[in-house]
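J.: The structure file my_file.txt (compact mmCIF, C-alpha atoms) is provided below.
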```
# COMPACT_ATOMS: atom_id res chain seq x y z
CA MET A 30 0.00 0.00 0.00
CA MET A 31 1.34 3.41 -0.97
CA GLY A 32 2.47 5.69 1.83
CA GLN A 33 2.80 2.95 4.46
CA PRO A 34 6.09 2.95 6.37
CA LYS A 35 8.42 0.01 5.87
CA THR A 36 7.94 -2.56 8.57
CA TYR A 37 10.99 -3.82 10.40
CA SER A 38 10.76 -6.11 13.37
CA LEU A 39 12.82 -5.26 16.41
CA GLU A 40 14.71 -8.50 15.77
CA SER A 41 15.65 -7.42 12.24
CA ILE A 42 16.75 -3.98 13.48
CA GLU A 43 18.82 -5.66 16.22
CA LYS A 44 20.44 -7.96 13.63
CA VAL A 45 21.41 -5.15 11.24
CA ALA A 46 22.73 -3.04 14.13
CA PHE A 47 24.62 -6.01 15.61
CA ASP A 48 26.36 -6.73 12.30
CA LEU A 49 27.37 -3.07 11.91
CA HIS A 50 28.54 -2.92 15.53
CA ARG A 51 30.68 -6.03 15.03
CA ASP A 52 32.25 -4.50 11.91
CA HIS A 53 32.90 -1.02 13.37
CA ALA A 54 33.42 -1.32 17.16
CA ASN A 55 36.80 -1.34 18.85
CA GLN A 56 38.25 -4.20 20.90
CA LYS A 57 36.27 -3.09 23.97
CA SER A 58 33.03 -3.43 21.97
CA LEU A 59 32.64 0.35 22.06
CA ILE A 60 31.75 2.55 19.12
CA THR A 61 33.40 5.96 19.32
CA ILE A 62 32.19 9.09 17.53
CA GLY A 63 35.05 8.61 15.04
CA GLN A 64 33.96 5.06 14.27
CA LEU A 65 30.38 6.28 13.83
CA LYS A 66 31.62 8.88 11.33
CA ASN A 67 33.45 6.10 9.45
CA LEU A 68 30.26 4.03 9.44
CA ALA A 69 28.31 7.02 8.14
CA GLU A 70 30.84 7.46 5.32
CA SER A 71 30.54 3.76 4.47
CA VAL A 72 26.80 4.23 3.82
CA GLY A 73 27.41 7.33 1.68
CA ALA A 74 27.01 10.09 4.27
CA SER A 75 29.14 13.06 5.16
CA VAL A 76 28.92 14.27 8.75
CA GLU A 77 29.23 17.82 9.99
CA LEU A 78 28.80 19.58 13.31
CA VAL A 79 26.56 22.64 13.03
CA VAL A 80 24.67 25.19 15.11
CA PHE A 81 20.94 24.76 14.48
CA THR A 82 18.37 27.51 14.57
CA PRO A 83 16.16 26.91 16.44
CA ASP A 84 18.37 25.17 18.96
CA THR A 85 15.70 22.53 19.62
CA VAL A 86 17.11 20.46 16.73
CA SER A 87 19.63 17.74 17.62
CA ALA A 88 20.33 16.39 14.13
CA ARG A 89 19.17 16.23 10.54
CA VAL A 90 19.76 13.90 7.59
CA SER A 91 19.01 14.56 3.95
CA GLY A 92 20.08 12.94 0.74
CA LYS A 93 19.77 12.41 -2.92
CA ASN A 94 20.83 9.54 -5.18
CA GLY A 95 22.58 7.61 -2.42
CA SER A 96 24.62 10.57 -1.17
CA TYR A 97 23.64 11.85 2.27
CA LYS A 98 24.46 14.69 4.61
CA ILE A 99 24.13 14.24 8.36
CA GLN A 100 24.27 17.35 10.49
CA ILE A 101 24.72 17.04 14.25
CA SER A 102 24.31 19.85 16.78
CA GLN A 103 27.71 20.89 18.06
CA ASN A 104 26.01 22.24 21.19
CA GLU A 105 25.00 18.76 22.38
CA PRO A 106 27.17 16.72 24.77
CA LEU A 107 29.24 13.95 23.14
CA PRO A 108 26.96 11.08 24.28
CA ARG A 109 23.98 12.86 22.69
CA GLN A 110 25.97 13.51 19.50
CA LYS A 111 26.81 9.79 19.31
CA PHE A 112 23.18 8.76 19.73
CA SER A 113 22.01 11.36 17.19
CA LEU A 114 24.59 10.23 14.64
CA ALA A 115 23.63 6.55 15.15
CA HIS A 116 19.95 7.55 14.87
CA GLU A 117 20.49 9.35 11.54
CA ILE A 118 22.52 6.41 10.19
CA GLY A 119 19.48 4.32 11.13
CA HIS A 120 17.28 6.52 8.95
CA ILE A 121 19.65 6.02 6.00
CA ILE A 122 19.66 2.25 6.43
CA LEU A 123 15.97 1.78 7.28
CA HIS A 124 14.13 4.58 5.47
CA ASP A 125 13.97 6.34 2.11
CA VAL A 126 16.04 9.42 2.93
CA ASP A 127 16.19 10.35 -0.77
CA LYS A 128 12.48 11.22 -0.60
CA LYS A 129 12.29 12.87 2.81
CA GLU A 130 14.57 14.82 5.10
CA PHE A 131 14.51 13.63 8.72
CA VAL A 132 14.95 16.13 11.53
CA GLU A 133 15.51 14.99 15.11
CA TYR A 134 14.08 17.43 17.65
CA ARG A 135 14.74 17.45 21.37
CA LYS A 136 11.20 16.54 22.31
CA PRO A 137 9.38 13.47 23.56
CA ILE A 138 8.93 10.83 20.85
CA LEU A 139 5.15 10.91 21.31
CA ASP A 140 5.08 14.59 20.34
CA TYR A 141 5.60 13.69 16.68
CA ALA A 142 2.21 14.37 15.06
CA ASP A 143 2.59 12.29 11.87
CA PRO A 144 2.07 8.57 12.75
CA SER A 145 4.39 7.36 9.98
CA LEU A 146 7.11 9.72 11.20
CA LEU A 147 6.60 8.58 14.80
CA TYR A 148 7.04 4.99 13.61
CA LYS A 149 10.24 5.85 11.72
CA GLU A 150 11.61 7.82 14.68
CA THR A 151 10.94 4.84 16.95
CA GLN A 152 12.72 2.53 14.48
CA ALA A 153 15.71 4.89 14.25
CA ASN A 154 15.89 5.08 18.06
CA ALA A 155 15.80 1.28 18.32
CA PHE A 156 18.56 1.05 15.70
CA ALA A 157 20.75 3.63 17.47
CA ALA A 158 20.34 1.92 20.84
CA ALA A 159 21.16 -1.50 19.38
CA LEU A 160 24.17 -0.13 17.50
CA LEU A 161 25.64 1.66 20.52
CA ILE A 162 24.62 -0.93 23.12
CA PRO A 163 24.35 -4.42 21.59
CA LYS A 164 21.93 -6.73 23.37
CA GLU A 165 24.41 -9.38 24.56
CA GLU A 166 26.92 -6.74 25.68
CA ALA A 167 24.14 -4.89 27.51
CA ILE A 168 23.15 -8.06 29.38
CA ASN A 169 26.74 -8.91 30.32
CA VAL A 170 27.66 -5.40 31.43
CA TRP A 171 24.41 -4.92 33.36
CA ASP A 172 24.93 -8.24 35.17
CA SER A 173 28.33 -7.01 36.35
CA VAL A 174 27.67 -3.32 37.17
CA ARG A 175 23.96 -3.01 38.13
CA ASP A 176 24.29 0.79 38.09
CA ILE A 177 22.82 3.07 35.40
CA ASP A 178 25.62 5.65 35.66
CA ASP A 179 28.37 3.01 35.36
CA PHE A 180 26.49 1.29 32.53
CA ALA A 181 26.12 4.58 30.60
CA GLU A 182 29.79 5.38 31.15
CA MET A 183 30.90 1.95 29.87
CA PHE A 184 29.10 2.52 26.55
CA GLU A 185 29.73 6.31 26.44
CA VAL A 186 26.01 7.05 26.14
CA SER A 187 23.69 9.29 28.12
CA LYS A 188 21.99 8.05 31.25
CA ALA A 189 18.64 8.37 29.43
CA ALA A 190 19.86 6.20 26.52
CA ALA A 191 21.22 3.63 28.98
CA TYR A 192 17.99 3.56 30.97
CA ASN A 193 15.82 3.22 27.85
CA ARG A 194 17.95 0.43 26.42
CA LEU A 195 17.92 -1.51 29.69
CA ALA A 196 14.17 -1.02 30.08
CA ASN A 197 13.46 -2.08 26.50
CA LEU A 198 15.54 -5.21 27.01
CA GLY A 199 13.58 -6.02 30.16
CA LEU A 200 16.68 -5.81 32.36
CA LEU A 201 15.33 -3.31 34.89
CA GLU A 202 13.12 -4.35 37.74
CA VAL A 203 10.30 -1.88 38.14
```
Do you think you could lay out the structure here as C-alpha cells?
T.:
Amino acid sequence: MMGQPKTYSLESIEKVAFDLHRDHANQKSLITIGQLKNLAESVGASVELVVFTPDTVSARVSGKNGSYKIQISQNEPLPRQKFSLAHEIGHIILHDVDKKEFVEYRKPILDYADPSLLYKETQANAFAAALLIPKEEAINVWDSVRDIDDFAEMFEVSKAAAYNRLANLGLLEV
C-alpha cells in the first residue's frame, strides 16, 4: 500500500545493528564518535557539526541519489551527538532518505504528530540503541555493574539512553 512505512521487526533492526557494531566497534566493543563517522561514510554520508536555529534540533539527515548529509548539533554533549549520529545512520539504512529529510528534535517521541514519522523515529531510536549498546553486551555489562551511571559510562552514552535500552531489554526491575 502506498504511503505505508516500511515494517521492520525489532529483531531485524537488532540484527542489522549487531552486524554493523561487530564491523565497526573497537576491541572493547565500544563505538566511538570517530567510528560512527566512518560508518556514516561507508553508507554514503558526510557528517558535519553545526549550530541549528532553532536550537531545539539535535540532528538532521538529507540525501539524494545515495549521497547523504548528516548534520549534528555541536552544542550537544558527546553522548547525545553519538546517539544522534547513530539515529540518523538508522534513517539512512531503514528509510527512504532520498524522498524525505529527517529532523531529530529534542522533544518526547510521542510529540511527533505524523504517525508514519513517529514509527520511523521509533525505528531509528531502536537502531541507534542496538548499534551503541548491543543486546548481549548490555546483558553482560548490566549483570556485572547493576548501576545506570556506570552502565552509561561503559558505553559512552547518556543516562537516558542507557535507561531506555535496559528497560526495552527487560533488564530493569520496576
J.: Please report the interatomic distance between CA of Ser58 in chain A and CA of Ile177 in chain A in Å with one decimal.
T.: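 For CA of Ser58 in chain A relative to CA of Ile177 in chain A, the distance reads 18.1 Å.
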J.: Out of A:Ile121, A:Ala191, A:Leu200, A:Ile60, which residue has the shortest atom-to-atom distance to Asn94 in chain A when counting all atoms listed in the file?
T.: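 Once distances to Asn94 in chain A are computed over all atoms listed in the file, the minimum belongs to A:Ile121.
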J.: Would you please work out which residue, of A:Leu201, A:Pro108, A:Glu43, A:Ala54, is nearest to Ala181 in chain A when using only C-alpha atoms?
T.: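 Looking only at the distances to Ala181 in chain A, the closest residue turns out to be A:Pro108.
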J.: What's around Leu161 in chain A at 10 Å? Count only C-alpha atoms, leave out sequence neighbours fewer than 3 positions away in its own chain, and write the answer as an MDAnalysis selection string.
T.: chainID A and resid 46:47 49:50 54 58:61 65 111:112 115:116 156:158 164 166:167 184:186 190:191 194
J.: Would you please work out which residue, of A:Asn104, A:Ser113, A:Asn193, A:Gln64, is nearest to Val80 in chain A when using all atoms listed in the file?
T.: A:Asn104
J.: I'd like the interatomic distance between CA of Ser173 in chain A and CA of Leu195 in chain A, to a tenth of an Å.
T.: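 Interatomic distance here is 13.5 Å.
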J.: Measuring atom to atom with all atoms listed in the file, identify which of A:Glu105, A:Glu70, A:Glu117, A:Glu77 is nearest to Arg89 in chain A.
T.: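 Of all the options, A:Glu117 lies closest to Arg89 in chain A.
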J.: Might you pull out every residue within 12 Å of Ala88 in chain A, with only C-alpha atoms counted and same-chain residues fewer than 4 positions away left off, and present them as a PyMOL selection string?
T.: chain A and resi 76-84+98-105+109-118+120+130-135
J.: When distances are computed from all atoms listed in the file, which of A:Ile62, A:Ala196, A:Val126, A:Ala153 shows the smallest separation from Ala74 in chain A?
T.: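 Closest residue, counting all atoms listed in the file: A:Val126.
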J.: For Ile162 in chain A, which residue out of A:Asp127, A:Glu182, A:Asp176, A:Glu202 is the nearest one, using all atoms listed in the file?
T.: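 That would be A:Glu182, the residue with the smallest distance to Ile162 in chain A.
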J.: Could you check how far CA of Ser38 in chain A sits from CA of Lys93 in chain A, in Å to one decimal?
T.: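 We find that CA of Ser38 in chain A and CA of Lys93 in chain A lie 26.3 Å from each other.
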